[in-house]
$ cat upload.cif   # mmCIF, N, CA and C atoms
data_data
loop_
_atom_site.label_atom_id
_atom_site.label_comp_id
_atom_site.auth_asym_id
_atom_site.auth_seq_id
_atom_site.Cartn_x
_atom_site.Cartn_y
_atom_site.Cartn_z
N MET A 535 -57.77 6.85 -56.60
CA MET A 535 -57.47 8.00 -57.44
C MET A 535 -56.08 7.86 -58.06
N ALA A 536 -55.14 7.31 -57.30
CA ALA A 536 -53.79 7.11 -57.84
C ALA A 536 -53.82 6.11 -58.98
N VAL A 537 -54.60 5.06 -58.84
CA VAL A 537 -54.71 4.03 -59.87
C VAL A 537 -55.38 4.59 -61.12
N ASP A 538 -56.31 5.51 -60.93
CA ASP A 538 -57.03 6.11 -62.06
C ASP A 538 -56.19 7.13 -62.81
N GLY A 539 -54.99 7.42 -62.32
CA GLY A 539 -54.11 8.35 -63.02
C GLY A 539 -54.32 9.81 -62.65
N THR A 540 -54.86 10.04 -61.48
CA THR A 540 -55.07 11.42 -61.02
C THR A 540 -53.72 12.12 -60.89
N ASP A 541 -53.71 13.39 -61.23
CA ASP A 541 -52.49 14.19 -61.10
C ASP A 541 -51.97 14.10 -59.66
N PRO A 542 -50.66 13.85 -59.48
CA PRO A 542 -50.12 13.70 -58.12
C PRO A 542 -50.40 14.89 -57.20
N GLU A 543 -50.33 16.10 -57.72
CA GLU A 543 -50.60 17.27 -56.88
C GLU A 543 -52.07 17.34 -56.48
N ASP A 544 -52.96 16.99 -57.40
CA ASP A 544 -54.38 16.97 -57.07
C ASP A 544 -54.67 15.91 -56.02
N LEU A 545 -54.06 14.75 -56.18
CA LEU A 545 -54.25 13.68 -55.22
C LEU A 545 -53.75 14.09 -53.83
N ARG A 546 -52.56 14.68 -53.79
CA ARG A 546 -52.00 15.13 -52.51
C ARG A 546 -52.92 16.18 -51.87
N THR A 547 -53.44 17.10 -52.68
CA THR A 547 -54.34 18.14 -52.16
C THR A 547 -55.60 17.53 -51.56
N VAL A 548 -56.18 16.56 -52.24
CA VAL A 548 -57.40 15.91 -51.75
C VAL A 548 -57.11 15.17 -50.44
N LEU A 549 -56.03 14.40 -50.41
CA LEU A 549 -55.72 13.62 -49.21
C LEU A 549 -55.37 14.52 -48.02
N GLU A 550 -54.65 15.59 -48.27
CA GLU A 550 -54.32 16.51 -47.18
C GLU A 550 -55.57 17.24 -46.68
N ALA A 551 -56.52 17.51 -47.58
CA ALA A 551 -57.79 18.12 -47.15
C ALA A 551 -58.57 17.15 -46.26
N GLU A 552 -58.53 15.86 -46.59
CA GLU A 552 -59.19 14.86 -45.75
C GLU A 552 -58.55 14.79 -44.37
N ILE A 553 -57.23 14.89 -44.32
CA ILE A 553 -56.53 14.89 -43.03
C ILE A 553 -56.95 16.11 -42.21
N SER A 554 -56.99 17.27 -42.85
CA SER A 554 -57.38 18.50 -42.15
C SER A 554 -58.81 18.42 -41.64
N ALA A 555 -59.70 17.86 -42.46
CA ALA A 555 -61.10 17.74 -42.04
C ALA A 555 -61.22 16.79 -40.85
N LYS A 556 -60.48 15.70 -40.87
CA LYS A 556 -60.51 14.73 -39.76
C LYS A 556 -60.00 15.37 -38.48
N LYS A 557 -58.89 16.11 -38.58
CA LYS A 557 -58.34 16.77 -37.40
C LYS A 557 -59.31 17.82 -36.85
N ALA A 558 -59.99 18.56 -37.73
CA ALA A 558 -60.95 19.57 -37.28
C ALA A 558 -62.12 18.90 -36.56
N GLU A 559 -62.59 17.78 -37.09
CA GLU A 559 -63.69 17.06 -36.45
C GLU A 559 -63.27 16.54 -35.07
N ASP A 560 -62.07 15.98 -35.00
CA ASP A 560 -61.57 15.47 -33.72
C ASP A 560 -61.37 16.60 -32.71
N LYS A 561 -60.96 17.76 -33.21
CA LYS A 561 -60.73 18.91 -32.33
C LYS A 561 -62.03 19.34 -31.65
N VAL A 562 -63.14 19.27 -32.38
CA VAL A 562 -64.44 19.63 -31.81
C VAL A 562 -64.79 18.67 -30.67
N ALA A 563 -64.58 17.37 -30.91
CA ALA A 563 -64.89 16.38 -29.88
C ALA A 563 -64.00 16.58 -28.65
N ALA A 564 -62.72 16.80 -28.88
CA ALA A 564 -61.79 17.00 -27.76
C ALA A 564 -62.16 18.26 -26.98
N LYS A 565 -62.56 19.29 -27.69
CA LYS A 565 -62.93 20.56 -27.04
C LYS A 565 -64.14 20.36 -26.13
N PHE A 566 -65.10 19.55 -26.57
CA PHE A 566 -66.27 19.27 -25.74
C PHE A 566 -65.86 18.63 -24.42
N PHE A 567 -65.03 17.58 -24.48
CA PHE A 567 -64.64 16.88 -23.26
C PHE A 567 -63.78 17.77 -22.36
N THR A 568 -62.90 18.54 -22.95
CA THR A 568 -62.05 19.44 -22.17
C THR A 568 -62.90 20.52 -21.49
N ALA A 569 -63.88 21.04 -22.22
CA ALA A 569 -64.77 22.05 -21.63
C ALA A 569 -65.57 21.44 -20.47
N MET A 570 -66.04 20.22 -20.65
CA MET A 570 -66.78 19.57 -19.56
C MET A 570 -65.87 19.38 -18.35
N GLY A 571 -64.59 19.12 -18.58
CA GLY A 571 -63.63 19.01 -17.49
C GLY A 571 -63.49 20.31 -16.73
N GLY A 572 -63.70 21.41 -17.42
CA GLY A 572 -63.66 22.72 -16.75
C GLY A 572 -64.95 23.04 -16.03
N TYR A 573 -66.07 22.59 -16.59
CA TYR A 573 -67.37 22.89 -15.99
C TYR A 573 -67.71 21.98 -14.82
N ALA A 574 -67.24 20.76 -14.83
CA ALA A 574 -67.65 19.77 -13.82
C ALA A 574 -67.39 20.24 -12.38
N PRO A 575 -66.21 20.76 -12.05
CA PRO A 575 -66.02 21.23 -10.67
C PRO A 575 -66.98 22.36 -10.29
N THR A 576 -67.27 23.23 -11.25
CA THR A 576 -68.20 24.32 -10.98
C THR A 576 -69.60 23.78 -10.70
N ILE A 577 -70.01 22.80 -11.47
CA ILE A 577 -71.32 22.17 -11.24
C ILE A 577 -71.33 21.50 -9.86
N GLY A 578 -70.20 20.88 -9.49
CA GLY A 578 -70.09 20.28 -8.16
C GLY A 578 -70.23 21.31 -7.05
N ILE A 579 -69.62 22.46 -7.26
CA ILE A 579 -69.71 23.52 -6.24
C ILE A 579 -71.14 24.05 -6.15
N ILE A 580 -71.81 24.16 -7.28
CA ILE A 580 -73.22 24.58 -7.27
C ILE A 580 -74.04 23.56 -6.46
N GLY A 581 -73.76 22.27 -6.68
CA GLY A 581 -74.44 21.24 -5.90
C GLY A 581 -74.17 21.38 -4.41
N THR A 582 -72.95 21.73 -4.07
CA THR A 582 -72.59 21.91 -2.66
C THR A 582 -73.35 23.10 -2.06
N VAL A 583 -73.41 24.19 -2.80
CA VAL A 583 -74.13 25.37 -2.30
C VAL A 583 -75.60 25.03 -2.09
N ILE A 584 -76.20 24.33 -3.03
CA ILE A 584 -77.61 23.93 -2.87
C ILE A 584 -77.76 23.03 -1.65
N GLY A 585 -76.82 22.11 -1.47
CA GLY A 585 -76.85 21.24 -0.29
C GLY A 585 -76.71 22.01 1.00
N LEU A 586 -75.84 23.03 1.01
CA LEU A 586 -75.67 23.84 2.22
C LEU A 586 -76.90 24.70 2.50
N ILE A 587 -77.59 25.10 1.45
CA ILE A 587 -78.87 25.82 1.66
C ILE A 587 -79.85 24.88 2.37
N HIS A 588 -79.84 23.63 1.95
CA HIS A 588 -80.70 22.63 2.61
C HIS A 588 -80.28 22.45 4.07
N VAL A 589 -78.97 22.53 4.33
CA VAL A 589 -78.49 22.45 5.72
C VAL A 589 -79.06 23.60 6.53
N LEU A 590 -79.03 24.80 5.96
CA LEU A 590 -79.53 25.98 6.67
C LEU A 590 -81.03 25.87 6.96
N GLU A 591 -81.74 25.18 6.08
CA GLU A 591 -83.17 24.98 6.31
C GLU A 591 -83.43 24.08 7.52
N ASN A 592 -82.44 23.27 7.88
CA ASN A 592 -82.63 22.27 8.94
C ASN A 592 -81.78 22.56 10.17
N LEU A 593 -81.46 23.81 10.41
CA LEU A 593 -80.65 24.16 11.58
C LEU A 593 -81.34 23.81 12.90
N ASN A 594 -82.64 23.69 12.86
CA ASN A 594 -83.37 23.35 14.08
C ASN A 594 -83.31 21.85 14.41
N GLN A 595 -82.64 21.08 13.55
CA GLN A 595 -82.49 19.63 13.77
C GLN A 595 -80.99 19.29 13.78
N PRO A 596 -80.28 19.57 14.86
CA PRO A 596 -78.83 19.39 14.91
C PRO A 596 -78.39 17.94 14.64
N ASP A 597 -79.23 16.98 14.92
CA ASP A 597 -78.84 15.59 14.70
C ASP A 597 -78.72 15.25 13.21
N LYS A 598 -79.30 16.03 12.33
CA LYS A 598 -79.24 15.77 10.88
C LYS A 598 -78.15 16.58 10.19
N LEU A 599 -77.58 17.56 10.86
CA LEU A 599 -76.63 18.48 10.21
C LEU A 599 -75.40 17.77 9.64
N GLY A 600 -74.87 16.81 10.38
CA GLY A 600 -73.68 16.10 9.90
C GLY A 600 -73.94 15.41 8.58
N GLU A 601 -75.04 14.69 8.49
CA GLU A 601 -75.41 13.99 7.25
C GLU A 601 -75.60 14.96 6.10
N LEU A 602 -76.31 16.04 6.38
CA LEU A 602 -76.62 17.02 5.34
C LEU A 602 -75.37 17.73 4.82
N ILE A 603 -74.47 18.07 5.73
CA ILE A 603 -73.22 18.73 5.32
C ILE A 603 -72.37 17.76 4.51
N ALA A 604 -72.29 16.52 4.95
CA ALA A 604 -71.52 15.52 4.21
C ALA A 604 -72.09 15.33 2.80
N ALA A 605 -73.42 15.24 2.71
CA ALA A 605 -74.06 15.08 1.40
C ALA A 605 -73.77 16.28 0.50
N ALA A 606 -73.76 17.46 1.10
CA ALA A 606 -73.50 18.68 0.32
C ALA A 606 -72.09 18.65 -0.28
N PHE A 607 -71.12 18.23 0.51
CA PHE A 607 -69.75 18.23 0.01
C PHE A 607 -69.44 17.09 -0.95
N VAL A 608 -70.29 16.08 -0.96
CA VAL A 608 -70.11 15.01 -1.94
C VAL A 608 -70.28 15.55 -3.36
N ALA A 609 -71.11 16.55 -3.53
CA ALA A 609 -71.31 17.15 -4.85
C ALA A 609 -69.99 17.72 -5.39
N THR A 610 -69.23 18.40 -4.54
CA THR A 610 -67.93 18.93 -4.97
C THR A 610 -66.98 17.79 -5.33
N LEU A 611 -67.00 16.78 -4.52
CA LEU A 611 -66.16 15.61 -4.81
C LEU A 611 -66.48 15.03 -6.17
N TRP A 612 -67.77 14.85 -6.46
CA TRP A 612 -68.17 14.28 -7.76
C TRP A 612 -67.75 15.19 -8.91
N GLY A 613 -67.88 16.48 -8.73
CA GLY A 613 -67.49 17.42 -9.78
C GLY A 613 -66.01 17.34 -10.10
N VAL A 614 -65.18 17.41 -9.06
CA VAL A 614 -63.73 17.36 -9.24
C VAL A 614 -63.31 15.98 -9.75
N LEU A 615 -63.89 14.95 -9.18
CA LEU A 615 -63.55 13.58 -9.59
C LEU A 615 -63.91 13.34 -11.05
N SER A 616 -65.10 13.73 -11.46
CA SER A 616 -65.49 13.49 -12.85
C SER A 616 -64.61 14.28 -13.82
N ALA A 617 -64.20 15.49 -13.43
CA ALA A 617 -63.32 16.28 -14.29
C ALA A 617 -61.99 15.59 -14.50
N ASN A 618 -61.40 15.09 -13.41
CA ASN A 618 -60.04 14.55 -13.48
C ASN A 618 -59.95 13.07 -13.81
N VAL A 619 -61.07 12.37 -13.70
CA VAL A 619 -61.05 10.93 -14.01
C VAL A 619 -61.75 10.63 -15.33
N LEU A 620 -62.68 11.48 -15.70
CA LEU A 620 -63.47 11.20 -16.90
C LEU A 620 -63.25 12.21 -18.01
N TRP A 621 -63.66 13.46 -17.78
CA TRP A 621 -63.70 14.44 -18.85
C TRP A 621 -62.33 14.83 -19.41
N LEU A 622 -61.41 15.26 -18.56
CA LEU A 622 -60.10 15.71 -19.05
C LEU A 622 -59.29 14.57 -19.67
N PRO A 623 -59.25 13.38 -19.06
CA PRO A 623 -58.53 12.28 -19.73
C PRO A 623 -59.15 11.89 -21.08
N ALA A 624 -60.48 11.95 -21.18
CA ALA A 624 -61.13 11.62 -22.46
C ALA A 624 -60.73 12.63 -23.53
N GLY A 625 -60.73 13.91 -23.17
CA GLY A 625 -60.30 14.94 -24.12
C GLY A 625 -58.86 14.75 -24.56
N ALA A 626 -57.99 14.43 -23.61
CA ALA A 626 -56.57 14.21 -23.95
C ALA A 626 -56.41 12.98 -24.84
N LYS A 627 -57.18 11.95 -24.58
CA LYS A 627 -57.09 10.73 -25.39
C LYS A 627 -57.55 11.00 -26.82
N ILE A 628 -58.59 11.78 -26.98
CA ILE A 628 -59.06 12.12 -28.32
C ILE A 628 -57.99 12.89 -29.08
N VAL A 629 -57.34 13.84 -28.42
CA VAL A 629 -56.27 14.62 -29.06
C VAL A 629 -55.13 13.70 -29.47
N ARG A 630 -54.71 12.82 -28.57
CA ARG A 630 -53.60 11.90 -28.85
C ARG A 630 -53.95 10.95 -29.99
N THR A 631 -55.14 10.39 -29.96
CA THR A 631 -55.57 9.48 -31.02
C THR A 631 -55.64 10.21 -32.36
N SER A 632 -56.15 11.43 -32.33
CA SER A 632 -56.24 12.22 -33.56
C SER A 632 -54.86 12.50 -34.14
N ASP A 633 -53.90 12.84 -33.27
CA ASP A 633 -52.54 13.09 -33.74
C ASP A 633 -51.92 11.84 -34.36
N LEU A 634 -52.15 10.69 -33.73
CA LEU A 634 -51.61 9.43 -34.27
C LEU A 634 -52.25 9.08 -35.61
N GLN A 635 -53.55 9.26 -35.70
CA GLN A 635 -54.23 8.97 -36.96
C GLN A 635 -53.77 9.92 -38.07
N ALA A 636 -53.59 11.18 -37.74
CA ALA A 636 -53.10 12.15 -38.73
C ALA A 636 -51.70 11.78 -39.20
N ALA A 637 -50.85 11.34 -38.28
CA ALA A 637 -49.50 10.91 -38.67
C ALA A 637 -49.55 9.70 -39.58
N GLN A 638 -50.43 8.75 -39.27
CA GLN A 638 -50.58 7.57 -40.14
C GLN A 638 -51.08 7.98 -41.52
N MET A 639 -52.03 8.90 -41.55
CA MET A 639 -52.57 9.34 -42.83
C MET A 639 -51.51 10.08 -43.65
N LYS A 640 -50.69 10.88 -42.99
CA LYS A 640 -49.61 11.58 -43.69
C LYS A 640 -48.61 10.59 -44.25
N LEU A 641 -48.35 9.54 -43.49
CA LEU A 641 -47.45 8.48 -43.96
C LEU A 641 -48.02 7.82 -45.21
N LEU A 642 -49.32 7.59 -45.21
CA LEU A 642 -49.97 7.02 -46.39
C LEU A 642 -49.88 7.95 -47.59
N VAL A 643 -50.07 9.23 -47.36
CA VAL A 643 -49.97 10.20 -48.45
C VAL A 643 -48.57 10.15 -49.06
N GLU A 644 -47.56 10.12 -48.22
CA GLU A 644 -46.19 10.05 -48.72
C GLU A 644 -45.95 8.75 -49.51
N GLY A 645 -46.44 7.65 -48.96
CA GLY A 645 -46.27 6.37 -49.64
C GLY A 645 -46.96 6.34 -50.99
N ILE A 646 -48.18 6.82 -51.03
CA ILE A 646 -48.93 6.85 -52.29
C ILE A 646 -48.24 7.76 -53.30
N SER A 647 -47.74 8.89 -52.83
CA SER A 647 -47.04 9.82 -53.73
C SER A 647 -45.79 9.19 -54.31
N GLU A 648 -45.05 8.47 -53.48
CA GLU A 648 -43.82 7.82 -53.96
C GLU A 648 -44.14 6.70 -54.95
N ILE A 649 -45.16 5.93 -54.65
CA ILE A 649 -45.54 4.85 -55.56
C ILE A 649 -46.02 5.43 -56.88
N GLN A 650 -46.82 6.48 -56.81
CA GLN A 650 -47.32 7.13 -58.01
C GLN A 650 -46.19 7.72 -58.84
N ALA A 651 -45.12 8.16 -58.18
CA ALA A 651 -43.98 8.73 -58.89
C ALA A 651 -43.09 7.65 -59.50
N GLY A 652 -43.38 6.38 -59.18
CA GLY A 652 -42.61 5.28 -59.75
C GLY A 652 -41.34 4.95 -58.98
N THR A 653 -41.25 5.37 -57.74
CA THR A 653 -40.09 5.09 -56.91
C THR A 653 -40.02 3.59 -56.62
N SER A 654 -38.82 3.06 -56.55
CA SER A 654 -38.66 1.62 -56.31
C SER A 654 -39.19 1.24 -54.93
N PRO A 655 -39.72 0.04 -54.78
CA PRO A 655 -40.29 -0.38 -53.49
C PRO A 655 -39.30 -0.27 -52.33
N ARG A 656 -38.05 -0.61 -52.57
CA ARG A 656 -37.05 -0.53 -51.50
C ARG A 656 -36.85 0.91 -51.05
N THR A 657 -36.79 1.82 -52.00
CA THR A 657 -36.63 3.23 -51.67
C THR A 657 -37.86 3.76 -50.95
N VAL A 658 -39.04 3.35 -51.38
CA VAL A 658 -40.28 3.76 -50.72
C VAL A 658 -40.23 3.30 -49.26
N ARG A 659 -39.85 2.05 -49.05
CA ARG A 659 -39.78 1.53 -47.68
C ARG A 659 -38.80 2.34 -46.83
N GLN A 660 -37.63 2.64 -47.38
CA GLN A 660 -36.64 3.40 -46.63
C GLN A 660 -37.15 4.81 -46.31
N LYS A 661 -37.78 5.45 -47.28
CA LYS A 661 -38.30 6.80 -47.04
C LYS A 661 -39.39 6.78 -45.97
N LEU A 662 -40.29 5.82 -46.06
CA LEU A 662 -41.38 5.75 -45.09
C LEU A 662 -40.87 5.37 -43.71
N THR A 663 -39.91 4.47 -43.66
CA THR A 663 -39.33 4.08 -42.38
C THR A 663 -38.63 5.26 -41.71
N SER A 664 -38.04 6.14 -42.51
CA SER A 664 -37.37 7.30 -41.94
C SER A 664 -38.36 8.27 -41.30
N LEU A 665 -39.62 8.20 -41.69
CA LEU A 665 -40.64 9.08 -41.12
C LEU A 665 -41.26 8.53 -39.84
N VAL A 666 -40.99 7.26 -39.54
CA VAL A 666 -41.56 6.61 -38.37
C VAL A 666 -40.59 6.79 -37.20
N PRO A 667 -41.11 7.09 -35.98
CA PRO A 667 -40.23 7.21 -34.82
C PRO A 667 -39.40 5.93 -34.63
N PRO A 668 -38.14 6.05 -34.18
CA PRO A 668 -37.26 4.88 -34.05
C PRO A 668 -37.83 3.75 -33.20
N SER A 669 -38.54 4.06 -32.15
CA SER A 669 -39.10 3.00 -31.31
C SER A 669 -40.13 2.18 -32.08
N GLU A 670 -40.95 2.84 -32.88
CA GLU A 670 -41.94 2.12 -33.68
C GLU A 670 -41.28 1.36 -34.82
N ALA A 671 -40.22 1.92 -35.41
CA ALA A 671 -39.51 1.24 -36.48
C ALA A 671 -38.88 -0.05 -35.96
N ALA A 672 -38.33 -0.01 -34.73
CA ALA A 672 -37.74 -1.20 -34.14
C ALA A 672 -38.82 -2.25 -33.87
N ALA A 673 -39.98 -1.84 -33.43
CA ALA A 673 -41.08 -2.78 -33.18
C ALA A 673 -41.56 -3.40 -34.49
N MET A 674 -41.60 -2.61 -35.57
CA MET A 674 -41.99 -3.14 -36.87
C MET A 674 -40.98 -4.14 -37.38
N ALA A 675 -39.69 -3.85 -37.15
CA ALA A 675 -38.63 -4.76 -37.60
C ALA A 675 -38.73 -6.10 -36.87
N LYS A 676 -39.01 -6.07 -35.58
CA LYS A 676 -39.17 -7.31 -34.81
C LYS A 676 -40.38 -8.10 -35.29
N ALA A 677 -41.46 -7.39 -35.59
CA ALA A 677 -42.69 -8.07 -36.04
C ALA A 677 -42.49 -8.69 -37.42
N ALA A 678 -41.68 -8.04 -38.26
CA ALA A 678 -41.44 -8.56 -39.61
C ALA A 678 -40.51 -9.77 -39.59
N ALA A 679 -39.67 -9.87 -38.56
CA ALA A 679 -38.70 -10.96 -38.50
C ALA A 679 -39.29 -12.25 -38.03
#
$ encode --input "upload.cif" --output "structure tokens"
Amino acid sequence: MAVDGTDPEDLRTVLEAEISAKKAEDKVAAKFFTAMGGYAPTIGIIGTVIGLIHVLENLNQPDKLGELIAAAFVATLWGVLSANVLWLPAGAKIVRTSDLQAAQMKLLVEGISEIQAGTSPRTVRQKLTSLVPPSEAAAMAKAAA
């Protein structure tokens, strides 16, 4: 669009709308995983209750009670474990990745806007470098050298 001579404000509006749409899509995915992280322990507790009901059905067989109680509590373990090892970390990773991608896209928007405005390449580089966190700028400088 920049090459075709699109108005800079129109181009910025389109690109920022794409960033917003991407973030909204990622937010839905992150919300799913975070919600599952909240539901998983509850599902585990439901499994435990069902297991304990099975224990109560077998009270006349004391030799089996230990196994049945242990099996019942494994459900809680799986619920809590899946929440904290799978669901919640996945949701957090999606949010972090989305934020990084949005920052990269914003950097591109700024770069395209500067190039479209006819800013000199050196100035464009300095402006874009100022938007990058210092640790990443240092890593880029090492890679370029």
$ closest_residue --input "upload.cif" --among "A:Ile584, A:Ile628, A:Leu549, A:Ile579" --to "A:Lys565" --atoms "only N, CA and C atoms"
A:Ile628
$ closest_residue --input "upload.cif" --among "A:Asp560, A:Ile577, A:Ala671, A:Gln595" --to "A:Thr610" --atoms "only C-alpha atoms"
A:Ile577
$ resolve_selection --input "upload.cif" --expression "the PyMOL selection byres ((chain A and resi 633-649) around 8)" --output "list in words"
Ala536, Pro542, Leu545, Arg546, Leu549, Glu550, Ile553, Ser554, Lys556, Lys557, Lys627, Ile628, Val629, Arg630, Thr631, Ser632, Gln650, Ala651, Gly652, Thr653, Ser654, Pro655, Thr657, Val658, Arg659, Lys661, Leu662, Leu665 and Val666 of chain A
$ closest_residue --input "upload.cif" --among "A:Ile587, A:Ile580, A:Leu602, A:Met570" --to "A:Ala617" --atoms "only N, CA and C atoms"
A:Met570
$ resolve_selection --input "upload.cif" --expression "the PyMOL selection byres ((chain A and resi 575) around 8)" --output "JSON, numbers by chain"
{"A": [570, 571, 572, 573, 574, 576, 577, 578, 579, 580, 581, 609, 610, 611, 612, 613, 614, 615, 616, 617, 618]}
$ closest_residue --input "upload.cif" --among "A:Glu670, A:Ala678, A:Phe567, A:Thr540" --to "A:Leu622" --atoms "only N, CA and C atoms"
A:Phe567
$ atom_distance --input "upload.cif" --atom1 "atom CA of A:Trp621" --atom2 "atom CA of A:Ala558"
19.3 Å
$ atom_distance --input "upload.cif" --atom1 "atom C of A:Ala564" --atom2 "atom CA of A:Ala626"
7.5 Å
$ atom_distance --input "upload.cif" --atom1 "atom N of A:Glu543" --atom2 "atom C of A:Lys561"
28.8 Å
$ select_by_dssp --input "upload.cif" --residues "chain A" --states "alpha helix (DSSP H)" --output "ChimeraX atom specification"
/A:542-591,596-616,622-650,655-665,668-678
$ axis_aligned_box --input "upload.cif" --around "stretch 625-630 of chain A" --padding-each-side "8 Å" --output "AutoDock Vina command-line options"
--center_x -57.2 --center_y 12.8 --center_z -26.6 --size_x 23.1 --size_y 20.2 --size_z 22.8
